[in-house]
file protein22.tsv (TSV, C-alpha atoms and all ligand atoms)
chain	number	residue	atom	x	y	z
A	575	MET	CA	0.00	0.00	0.00
A	576	GLN	CA	1.42	3.32	-1.08
A	577	GLN	CA	1.22	6.10	1.39
A	578	HIS	CA	2.02	9.74	1.48
A	579	TYR	CA	2.72	11.35	4.76
A	580	TYR	CA	1.52	14.80	5.52
A	581	LEU	CA	2.74	16.78	8.40
A	582	LEU	CA	-0.18	18.02	10.39
A	583	ILE	CA	0.31	21.22	12.24
A	584	ALA	CA	-2.31	21.71	14.87
A	585	LYS	CA	-2.28	25.13	16.42
A	586	MET	CA	-2.41	25.03	20.16
A	587	LYS	CA	-3.56	27.52	22.72
A	588	SER	CA	-0.10	28.59	23.68
A	589	THR	CA	0.69	29.13	19.98
A	590	THR	CA	2.94	26.13	20.25
A	591	ILE	CA	3.04	24.16	17.05
A	592	PHE	CA	2.07	20.57	17.38
A	593	PRO	CA	3.12	18.31	14.54
A	594	LEU	CA	1.13	15.20	13.79
A	595	LEU	CA	1.62	12.62	11.13
A	596	LEU	CA	-1.22	11.72	8.82
A	597	ALA	CA	-0.97	8.81	6.47
A	598	VAL	CA	-3.10	9.05	3.38
A	599	SER	CA	-3.04	6.17	1.03
A	600	THR	CA	-2.91	7.09	-2.62
A	601	SER	CA	-4.50	3.81	-3.51
A	602	THR	CA	-8.26	3.58	-3.25
A	603	SER	CA	-7.88	-0.16	-3.07
A	604	CYS	CA	-6.73	-0.02	0.50
A	605	ALA	CA	-7.77	1.83	3.58
A	606	GLN	CA	-6.91	5.45	4.10
A	607	TYR	CA	-6.45	5.94	7.76
A	608	ILE	CA	-4.74	7.94	10.39
A	609	ARG	CA	-1.96	6.73	12.57
A	610	GLY	CA	-1.19	7.88	16.04
A	611	ALA	CA	-2.61	10.78	17.93
A	612	VAL	CA	-5.15	11.99	15.44
A	613	ASP	CA	-7.11	8.85	14.91
A	614	GLY	CA	-10.41	10.09	13.64
A	615	LEU	CA	-9.16	12.99	11.58
A	616	ASN	CA	-9.27	13.36	7.86
A	617	ALA	CA	-9.41	9.92	6.36
A	618	PRO	CA	-11.99	7.95	4.48
A	619	ALA	CA	-12.62	4.58	6.00
A	620	HIS	CA	-12.82	1.02	5.02
A	621	SER	CA	-14.60	-1.66	6.91
A	622	ASN	CA	-12.05	-3.78	8.71
A	623	GLU	CA	-14.53	-6.59	9.05
A	624	ASN	CA	-12.71	-8.54	6.38
A	625	HIS	CA	-9.24	-7.59	7.41
A	626	SER	CA	-7.02	-9.06	10.03
A	627	ASP	CA	-4.68	-6.08	9.90
A	628	GLU	CA	-5.33	-4.49	13.27
A	629	SER	CA	-3.67	-1.24	12.36
A	630	ARG	CA	-6.69	-0.44	10.25
A	631	THR	CA	-9.24	1.69	11.97
A	632	LEU	CA	-12.85	1.17	11.26
A	633	ASN	CA	-14.31	4.57	11.69
A	634	THR	CA	-17.16	4.65	9.28
A	635	ARG	CA	-20.19	6.25	10.79
A	636	ILE	CA	-22.48	9.15	11.15
A	637	ILE	CA	-22.47	9.78	14.86
A	638	GLY	CA	-25.86	10.16	16.46
A	639	GLY	CA	-27.55	9.50	13.15
A	640	ALA	CA	-31.16	8.69	12.50
A	641	ASN	CA	-32.82	6.58	9.83
A	642	VAL	CA	-33.98	8.54	6.83
A	643	GLY	CA	-37.42	6.95	7.18
A	644	GLY	CA	-39.59	7.53	4.15
A	645	GLU	CA	-37.41	10.36	2.91
A	646	ASP	CA	-35.91	9.97	-0.52
A	647	ALA	CA	-32.18	10.49	-0.07
A	648	SER	CA	-31.33	8.49	-3.15
A	649	TYR	CA	-28.82	11.11	-4.30
A	650	THR	CA	-26.59	9.65	-1.56
A	651	VAL	CA	-24.07	7.25	-3.09
A	652	SER	CA	-21.93	4.55	-1.49
A	653	LEU	CA	-18.54	4.15	-3.14
A	654	LYS	CA	-17.10	0.65	-2.97
A	655	ASP	CA	-13.54	-0.38	-3.62
A	656	GLU	CA	-12.44	-3.35	-5.70
A	657	ASN	CA	-13.05	-5.65	-2.73
A	658	GLY	CA	-16.61	-4.46	-2.40
A	659	ASN	CA	-15.99	-2.45	0.76
A	660	HIS	CA	-17.64	0.90	1.28
A	661	PHE	CA	-14.93	3.54	1.61
A	662	CYS	CA	-16.61	6.88	0.98
A	663	GLY	CA	-19.87	8.58	0.23
A	664	GLY	CA	-20.77	10.49	-2.88
A	665	VAL	CA	-23.57	12.57	-4.34
A	666	LEU	CA	-25.43	12.00	-7.58
A	667	VAL	CA	-25.45	15.36	-9.38
A	668	SER	CA	-26.05	14.15	-12.94
A	669	TYR	CA	-27.18	10.91	-14.61
A	670	ASN	CA	-23.63	9.64	-14.91
A	671	ALA	CA	-21.73	11.83	-12.44
A	672	VAL	CA	-21.03	11.45	-8.73
A	673	LEU	CA	-19.53	14.35	-6.82
A	674	THR	CA	-17.30	13.19	-3.98
A	675	ALA	CA	-14.35	14.35	-1.89
A	676	ALA	CA	-11.01	14.46	-3.68
A	677	HIS	CA	-9.33	12.89	-0.65
A	678	CYS	CA	-11.46	9.79	-1.28
A	679	VAL	CA	-9.71	9.38	-4.60
A	680	GLY	CA	-6.17	10.16	-3.60
A	681	GLU	CA	-3.75	12.30	-5.48
A	682	GLU	CA	-3.88	10.50	-8.77
A	683	SER	CA	-6.90	9.95	-10.95
A	684	GLY	CA	-7.89	6.86	-12.82
A	685	LYS	CA	-8.02	4.19	-10.10
A	686	GLU	CA	-9.52	0.92	-11.17
A	687	GLY	CA	-12.21	-1.09	-9.53
A	688	ILE	CA	-14.45	1.53	-7.90
A	689	THR	CA	-18.18	0.95	-7.98
A	690	ALA	CA	-20.89	3.49	-7.19
A	691	VAL	CA	-23.96	2.09	-5.45
A	692	VAL	CA	-26.95	4.31	-6.16
A	693	GLY	CA	-30.54	4.23	-4.98
A	694	ARG	CA	-29.88	1.61	-2.29
A	695	PRO	CA	-30.81	2.94	1.18
A	696	ASN	CA	-30.05	-0.48	2.63
A	697	LEU	CA	-26.85	-1.93	1.22
A	698	ASN	CA	-28.02	-5.44	2.12
A	699	ILE	CA	-30.89	-5.25	-0.34
A	700	GLY	CA	-29.04	-5.73	-3.57
A	701	SER	CA	-32.21	-5.92	-5.63
A	702	VAL	CA	-32.88	-2.23	-4.94
A	703	GLY	CA	-30.94	0.43	-6.80
A	704	GLN	CA	-28.01	-0.07	-9.08
A	705	GLU	CA	-24.26	-0.60	-9.06
A	706	LEU	CA	-22.29	1.16	-11.73
A	707	LYS	CA	-18.59	1.05	-12.45
A	708	VAL	CA	-16.64	4.28	-12.17
A	709	THR	CA	-14.82	4.78	-15.45
A	710	LYS	CA	-13.25	8.19	-14.88
A	711	GLN	CA	-12.21	10.18	-11.84
A	712	LEU	CA	-11.37	13.85	-12.11
A	713	LEU	CA	-9.98	15.83	-9.21
A	714	HIS	CA	-10.41	19.56	-8.82
A	715	SER	CA	-7.15	21.11	-9.94
A	716	LYS	CA	-6.82	23.09	-6.70
A	717	PHE	CA	-7.23	20.09	-4.41
A	718	ARG	CA	-4.55	20.03	-1.74
A	719	ALA	CA	-4.20	17.90	1.34
A	720	SER	CA	-2.37	20.66	3.10
A	721	GLY	CA	-2.08	19.33	6.60
A	722	PHE	CA	-4.88	19.94	9.01
A	723	GLU	CA	-7.42	20.39	6.28
A	724	PHE	CA	-8.23	19.60	2.67
A	725	ASP	CA	-8.46	22.48	0.22
A	726	HIS	CA	-10.88	22.25	-2.72
A	727	ASP	CA	-11.79	18.74	-1.67
A	728	TYR	CA	-13.80	17.95	-4.80
A	729	ALA	CA	-13.72	15.09	-7.28
A	730	LEU	CA	-16.12	13.89	-9.93
A	731	MET	CA	-16.58	10.25	-10.73
A	732	PHE	CA	-18.14	9.33	-14.04
A	733	LEU	CA	-20.15	6.15	-14.35
A	734	GLU	CA	-20.02	3.55	-17.10
A	735	GLU	CA	-23.55	4.49	-18.09
A	736	ASP	CA	-26.41	6.71	-17.00
A	737	VAL	CA	-28.32	5.64	-13.91
A	738	SER	CA	-31.44	3.83	-15.05
A	739	VAL	CA	-33.28	3.28	-11.77
A	740	PRO	CA	-35.46	6.05	-10.34
A	741	VAL	CA	-33.18	8.20	-8.20
A	742	ASP	CA	-33.25	11.78	-7.06
A	743	ILE	CA	-30.47	13.80	-8.66
A	744	ILE	CA	-29.72	16.74	-6.42
A	745	THR	CA	-29.20	20.35	-7.46
A	746	MET	CA	-25.98	22.04	-6.37
A	747	ASN	CA	-26.14	25.35	-4.56
A	748	GLN	CA	-24.53	28.07	-6.67
A	749	ASN	CA	-24.86	30.97	-4.28
A	750	PRO	CA	-21.78	31.46	-2.07
A	751	ALA	CA	-23.85	33.61	0.34
A	752	PHE	CA	-25.77	30.51	1.42
A	753	PRO	CA	-26.30	28.63	3.64
A	754	LEU	CA	-26.38	31.31	6.34
A	755	PRO	CA	-24.98	30.62	9.80
A	756	GLY	CA	-27.67	28.95	11.87
A	757	ALA	CA	-29.35	27.36	8.86
A	758	LYS	CA	-30.55	23.83	9.35
A	759	VAL	CA	-28.74	21.34	7.14
A	760	THR	CA	-28.69	17.56	6.98
A	761	VAL	CA	-25.78	15.23	6.33
A	762	TYR	CA	-26.27	11.72	4.95
A	763	GLY	CA	-23.98	8.72	4.98
A	764	TYR	CA	-23.65	4.98	5.35
A	765	GLY	CA	-22.27	4.14	8.73
A	766	ASP	CA	-22.28	2.53	12.11
A	767	VAL	CA	-24.50	3.70	14.95
A	768	ASP	CA	-21.83	2.87	17.52
A	769	ASP	CA	-19.72	5.88	18.42
A	770	SER	CA	-17.11	3.91	20.30
A	771	LYS	CA	-13.69	4.06	18.75
A	772	LYS	CA	-13.38	0.34	18.28
A	773	ILE	CA	-16.11	-0.11	15.76
A	774	THR	CA	-16.81	-3.56	14.53
A	775	ARG	CA	-20.18	-3.33	12.91
A	776	LEU	CA	-21.36	-1.06	10.14
A	777	SER	CA	-24.91	0.04	9.80
A	778	ARG	CA	-25.71	-0.92	6.28
A	779	GLU	CA	-28.43	1.69	6.07
A	780	VAL	CA	-28.04	5.28	5.05
A	781	LEU	CA	-28.23	7.53	8.09
A	782	LYS	CA	-28.81	11.22	8.46
A	783	ALA	CA	-28.03	13.88	11.04
A	784	ASP	CA	-29.57	17.34	11.28
A	785	LEU	CA	-26.97	20.03	11.94
A	786	ARG	CA	-26.71	23.81	12.04
A	787	VAL	CA	-24.34	25.85	9.95
A	788	VAL	CA	-21.65	27.56	12.01
A	789	SER	CA	-20.01	30.77	10.73
A	790	LYS	CA	-16.35	30.67	9.77
A	791	GLU	CA	-15.62	32.98	12.71
A	792	ASP	CA	-17.37	30.78	15.25
A	793	CYS	CA	-15.87	27.69	13.69
A	794	GLU	CA	-12.36	29.05	13.97
A	795	ALA	CA	-13.00	30.30	17.49
A	796	VAL	CA	-13.66	26.83	18.86
A	797	GLU	CA	-10.83	25.85	21.10
A	798	ALA	CA	-10.92	22.51	22.81
A	799	GLU	CA	-8.85	19.68	23.99
A	800	PHE	CA	-8.27	16.94	21.49
A	801	GLU	CA	-6.29	13.90	22.56
A	802	GLY	CA	-4.57	15.83	25.31
A	803	ASN	CA	-3.78	19.00	23.39
A	804	ASN	CA	-5.53	22.30	23.04
A	805	VAL	CA	-6.53	22.63	19.43
A	806	THR	CA	-8.22	25.39	17.45
A	807	LEU	CA	-9.26	25.57	13.82
A	808	ALA	CA	-8.08	29.20	13.58
A	809	GLY	CA	-6.56	29.76	10.16
A	810	TYR	CA	-7.78	26.48	8.72
A	811	VAL	CA	-11.29	27.32	7.54
A	812	ASP	CA	-11.49	28.91	4.09
A	813	GLY	CA	-14.82	30.72	4.06
A	814	ALA	CA	-15.10	30.54	0.27
A	815	THR	CA	-14.71	26.80	-0.08
A	816	MET	CA	-15.65	25.39	3.33
A	817	ILE	CA	-18.78	25.27	5.48
A	818	CYS	CA	-18.73	24.33	9.16
A	819	ALA	CA	-21.73	22.56	10.68
A	820	LYS	CA	-22.43	20.91	13.99
A	821	HIS	CA	-24.89	19.66	16.56
A	822	ASN	CA	-23.97	18.67	20.10
A	823	ASP	CA	-23.75	14.94	19.70
A	824	ARG	CA	-24.28	14.45	16.01
A	825	ASP	CA	-21.63	14.57	13.34
A	826	SER	CA	-20.39	13.00	10.19
A	827	CYS	CA	-17.23	10.95	10.60
A	828	GLN	CA	-14.69	8.83	8.80
A	829	GLY	CA	-16.22	7.08	5.83
A	830	ASP	CA	-18.94	9.67	5.40
A	831	SER	CA	-16.56	11.78	3.34
A	832	GLY	CA	-17.81	12.74	-0.06
A	833	GLY	CA	-21.43	12.41	1.07
A	834	PRO	CA	-24.04	15.17	0.89
A	835	LEU	CA	-24.78	18.10	3.19
A	836	VAL	CA	-28.24	19.23	2.14
A	837	ARG	CA	-30.40	22.28	2.78
A	838	HIS	CA	-34.14	21.61	2.83
A	839	ARG	CA	-36.16	24.58	1.71
A	840	ARG	CA	-39.59	25.36	3.06
A	841	ASP	CA	-41.21	24.54	-0.27
A	842	GLY	CA	-39.92	20.99	0.06
A	843	SER	CA	-37.13	21.38	-2.45
A	844	LYS	CA	-33.59	20.58	-1.46
A	845	GLU	CA	-30.17	21.52	-2.61
A	846	LEU	CA	-26.66	20.30	-2.07
A	847	VAL	CA	-24.70	22.83	-0.04
A	848	GLY	CA	-21.62	20.79	0.80
A	849	ILE	CA	-19.86	17.46	0.90
A	850	VAL	CA	-18.29	15.81	3.94
A	851	SER	CA	-14.61	16.75	4.01
A	852	TRP	CA	-12.75	16.93	7.33
A	853	GLY	CA	-12.87	17.47	11.06
A	854	VAL	CA	-10.95	17.01	14.29
A	855	GLY	CA	-12.26	13.77	15.69
A	856	CYS	CA	-16.01	13.39	15.51
A	857	ALA	CA	-19.03	14.56	17.51
A	858	ASN	CA	-17.02	16.70	19.93
A	859	GLU	CA	-16.77	20.48	20.37
A	860	PHE	CA	-15.41	20.90	16.86
A	861	PRO	CA	-17.78	21.39	13.95
A	862	GLY	CA	-17.42	19.13	10.95
A	863	VAL	CA	-16.07	20.87	7.89
A	864	TYR	CA	-17.72	20.46	4.49
A	865	ALA	CA	-16.46	21.40	1.04
A	866	ALA	CA	-18.88	24.06	-0.24
A	867	ALA	CA	-20.92	23.06	-3.27
A	868	SER	CA	-21.13	26.67	-4.48
A	869	SER	CA	-17.41	26.94	-5.07
A	870	ALA	CA	-17.38	23.67	-7.02
A	871	PHE	CA	-20.29	24.48	-9.31
A	872	ARG	CA	-18.47	26.13	-12.20
A	873	TRP	CA	-15.85	23.41	-12.32
A	874	ALA	CA	-18.53	20.70	-12.02
A	875	ARG	CA	-20.56	22.30	-14.78
A	876	ARG	CA	-17.63	22.59	-17.16
A	877	THR	CA	-16.54	19.03	-16.45
A	878	ILE	CA	-19.99	17.44	-16.62
A	879	CYS	CA	-20.97	19.34	-19.77
A	880	ARG	CA	-17.81	17.98	-21.38
A	881	GLU	CA	-18.07	14.40	-20.09
A	882	SER	CA	-21.80	13.65	-20.27
A	883	ARG	CA	-23.96	12.83	-23.22
A	884	LYS	CA	-27.09	13.72	-21.30
A	885	PRO	CA	-26.13	16.17	-18.54
A	886	HIS	CA	-28.65	17.04	-15.86
A	887	HIS	CA	-30.57	20.24	-16.62
A	888	GLN	CA	-29.11	22.02	-13.58
A	889	PHE	CA	-25.90	22.49	-15.58
A	890	ASN	CA	-27.56	24.22	-18.55
A	891	CYS	CA	-24.95	22.81	-20.88
A	892	GLU	CA	-26.66	24.30	-23.92
A	893	ASP	CA	-26.03	27.80	-22.65
A	894	LYS	CA	-22.72	29.48	-23.29
A	895	TRP	CA	-20.12	28.71	-20.65
A	901	LIG	N1	-12.42	12.88	6.42
A	901	LIG	C1	-13.46	12.01	6.87
A	901	LIG	C2	-13.70	10.93	5.83
A	901	LIG	O1	-12.84	10.71	5.04
A	901	LIG	C3	-14.68	12.78	7.27
A	901	LIG	C4	-14.45	13.49	8.52
A	901	LIG	C5	-15.59	14.29	8.94
A	901	LIG	N2	-15.37	14.66	10.28
A	901	LIG	C6	-16.25	15.31	11.05
A	901	LIG	N3	-15.94	15.49	12.30
A	901	LIG	N4	-17.37	15.72	10.57
A	901	LIG	O2	-14.64	10.20	5.86
call {"tool": "encode", "arguments": {"input": "protein22.tsv", "output": "structure tokens"}}
result
Amino acid sequence: MQQHYYLLIAKMKSTTIFPLLLAVSTSTSCAQYIRGAVDGLNAPAHSNENHSDESRTLNTRIIGGANVGGEDASYTVSLKDENGNHFCGGVLVSYNAVLTAAHCVGEESGKEGITAVVGRPNLNIGSVGQELKVTKQLLHSKFRASGFEFDHDYALMFLEEDVSVPVDIITMNQNPAFPLPGAKVTVYGYGDVDDSKKITRLSREVLKADLRVVSKEDCEAVEAEFEGNNVTLAGYVDGATMICAKHNDRDSCQGDSGGPLVRHRRDGSKELVGIVSWGVGCANEFPGVYAAASSAFRWARRTICRESRKPHHQFNCEDKW
């Protein structure tokens, strides 16, 4: 397994610099996980159910999640690796395009063996929904895993063919002024209900958690102990490309990355405002940080208009661009 090591610099109260080592695999065929003190930060997860390698951390869950019930959250995608293990979430934004987090892909594009599971709220019910091979993966050119955070954490995965089961393709927010701080948003992902660190059992059902948007200022002002150190996000939240969101005991977590953060409008319509990107641990004082959909729209539009035969109408590919 190939790994790149990033030096994590966590700012501490006393302005001391605290270096941490983060291992990010560049191969989607094996787990991306964190070693050492920051277990729980910044990596997509693989189930370790089928692995004897104890160094792998199973950390795939929405903490404090609820079932989606009758709600149609079929724009939520489960990405599976070549061994059939869920490793990240994704969002269906066009008939053949899944928006996900770039850190789910790694630094190179074109990995083999990834499958997108669409329209399957319960992964055990294989007769529902559809599995489609990912034939192309394109990372946002400004994606950087720059230490504590991911910048421009966007990737598009193109499917072997258009989705042919009834699924809800979600519209991306284009307005950088939204969502406002305090707005209610919902994150979706496939994960375990157990918030203990030693997870052994995945919930195979898509879960959701209602959160509130936190302003960049409030997000950066949070200062709390994490694994024995005082940590703050000051200087790490880019207001143009990141959205913070939290709720006391609910959060997205490892393995939810790439999945949707959605704003439900009063008229019943919904739009994608972000995708799960990074955080410091999960379901603690720190908000989760999401890659803003608005700052990915132009790139997504250009890419999807170029790569799709039948692009979703939200991209207006016929218009000049
Ligand atoms: N980077 C994680 C992943 O790859 C997601 C972390 C989200 N963390 C949080 N506290 N909301 O799945």
call {"tool": "residues_around", "arguments": {"input": "protein22.tsv", "residues": "Ala690 of chain A", "least_positions_apart": "5", "cutoff": "8 Å", "atoms": "all atoms listed in the file", "output": "number ranges by chain"}}
result
A: 651-654, 705-708, 733
call {"tool": "closest_residue", "arguments": {"input": "protein22.tsv", "among": "A:Arg872, A:Lys758, A:His660, A:Arg837", "to": "ligand LIG 901 (chain A)", "atoms": "only C-alpha atoms and all ligand atoms"}}
result
A:His660
call {"tool": "residues_near_ligand", "arguments": {"input": "protein22.tsv", "ligand": "ligand LIG 901 (chain A)", "cutoff": "6 Å", "atoms": "all atoms listed in the file", "output": "ChimeraX atom specification"}}
result
/A:616-619,825-831,850-856,862-863
call {"tool": "closest_residue", "arguments": {"input": "protein22.tsv", "among": "A:Ser648, A:Gln704, A:Gly763, A:Ala798", "to": "Phe661 of chain A", "atoms": "only C-alpha atoms"}}
result
A:Gly763
call {"tool": "residues_near_point", "arguments": {"input": "protein22.tsv", "point": "(-21.0, 27.1, -8.8)", "cutoff": "9 Å", "atoms": "all atoms listed in the file", "output": "list in words"}}
result
Met746, Asn747, Gln748, Asn749, Pro750, Ala867, Ser868, Ser869, Ala870, Phe871, Arg872, Trp873, Ala874 and Arg875 of chain A
call {"tool": "residues_around", "arguments": {"input": "protein22.tsv", "residues": "Val702 of chain A", "least_positions_apart": "3", "cutoff": "10 Å", "atoms": "all atoms listed in the file", "output": "compact mmCIF listing (two decimals) with C-alpha atoms, keeping the file's coordinate frame"}}
result
# COMPACT_ATOMS: atom_id res chain seq x y z
CA VAL A 691 -23.96 2.09 -5.45
CA VAL A 692 -26.95 4.31 -6.16
CA GLY A 693 -30.54 4.23 -4.98
CA ARG A 694 -29.88 1.61 -2.29
CA PRO A 695 -30.81 2.94 1.18
CA ASN A 696 -30.05 -0.48 2.63
CA LEU A 697 -26.85 -1.93 1.22
CA ASN A 698 -28.02 -5.44 2.12
CA ILE A 699 -30.89 -5.25 -0.34
CA GLU A 705 -24.26 -0.60 -9.06
CA VAL A 739 -33.28 3.28 -11.77
call {"tool": "atom_distance", "arguments": {"input": "protein22.tsv", "atom1": "atom CA of Arg880 of chain A", "atom2": "atom CA of Ile743 of chain A"}}
result
18.4 Å
call {"tool": "closest_residue", "arguments": {"input": "protein22.tsv", "among": "A:Gly848, A:Pro885, A:Gly639, A:Gly832", "to": "Val679 of chain A", "atoms": "all atoms listed in the file"}}
result
A:Gly832
call {"tool": "axis_aligned_box", "arguments": {"input": "protein22.tsv", "around": "segment 875-888 of chain A", "padding_each_side": "4 Å", "output": "lines of an AutoDock Vina configuration file"}}
result
center_x = -23.6
center_y = 17.7
center_z = -18.4
size_x = 22.0
size_y = 17.8
size_z = 17.6
call {"tool": "atom_distance", "arguments": {"input": "protein22.tsv", "atom1": "atom CA of Cys818 of chain A", "atom2": "atom CA of Val642 of chain A"}}
result
22.1 Å
call {"tool": "atom_distance", "arguments": {"input": "protein22.tsv", "atom1": "atom CA of Glu797 of chain A", "atom2": "atom CA of Ile849 of chain A"}}
result
23.7 Å
call {"tool": "closest_residue", "arguments": {"input": "protein22.tsv", "among": "A:Asn890, A:Asn803, A:Ser701, A:Thr760", "to": "Val787 of chain A", "atoms": "all atoms listed in the file"}}
result
A:Thr760
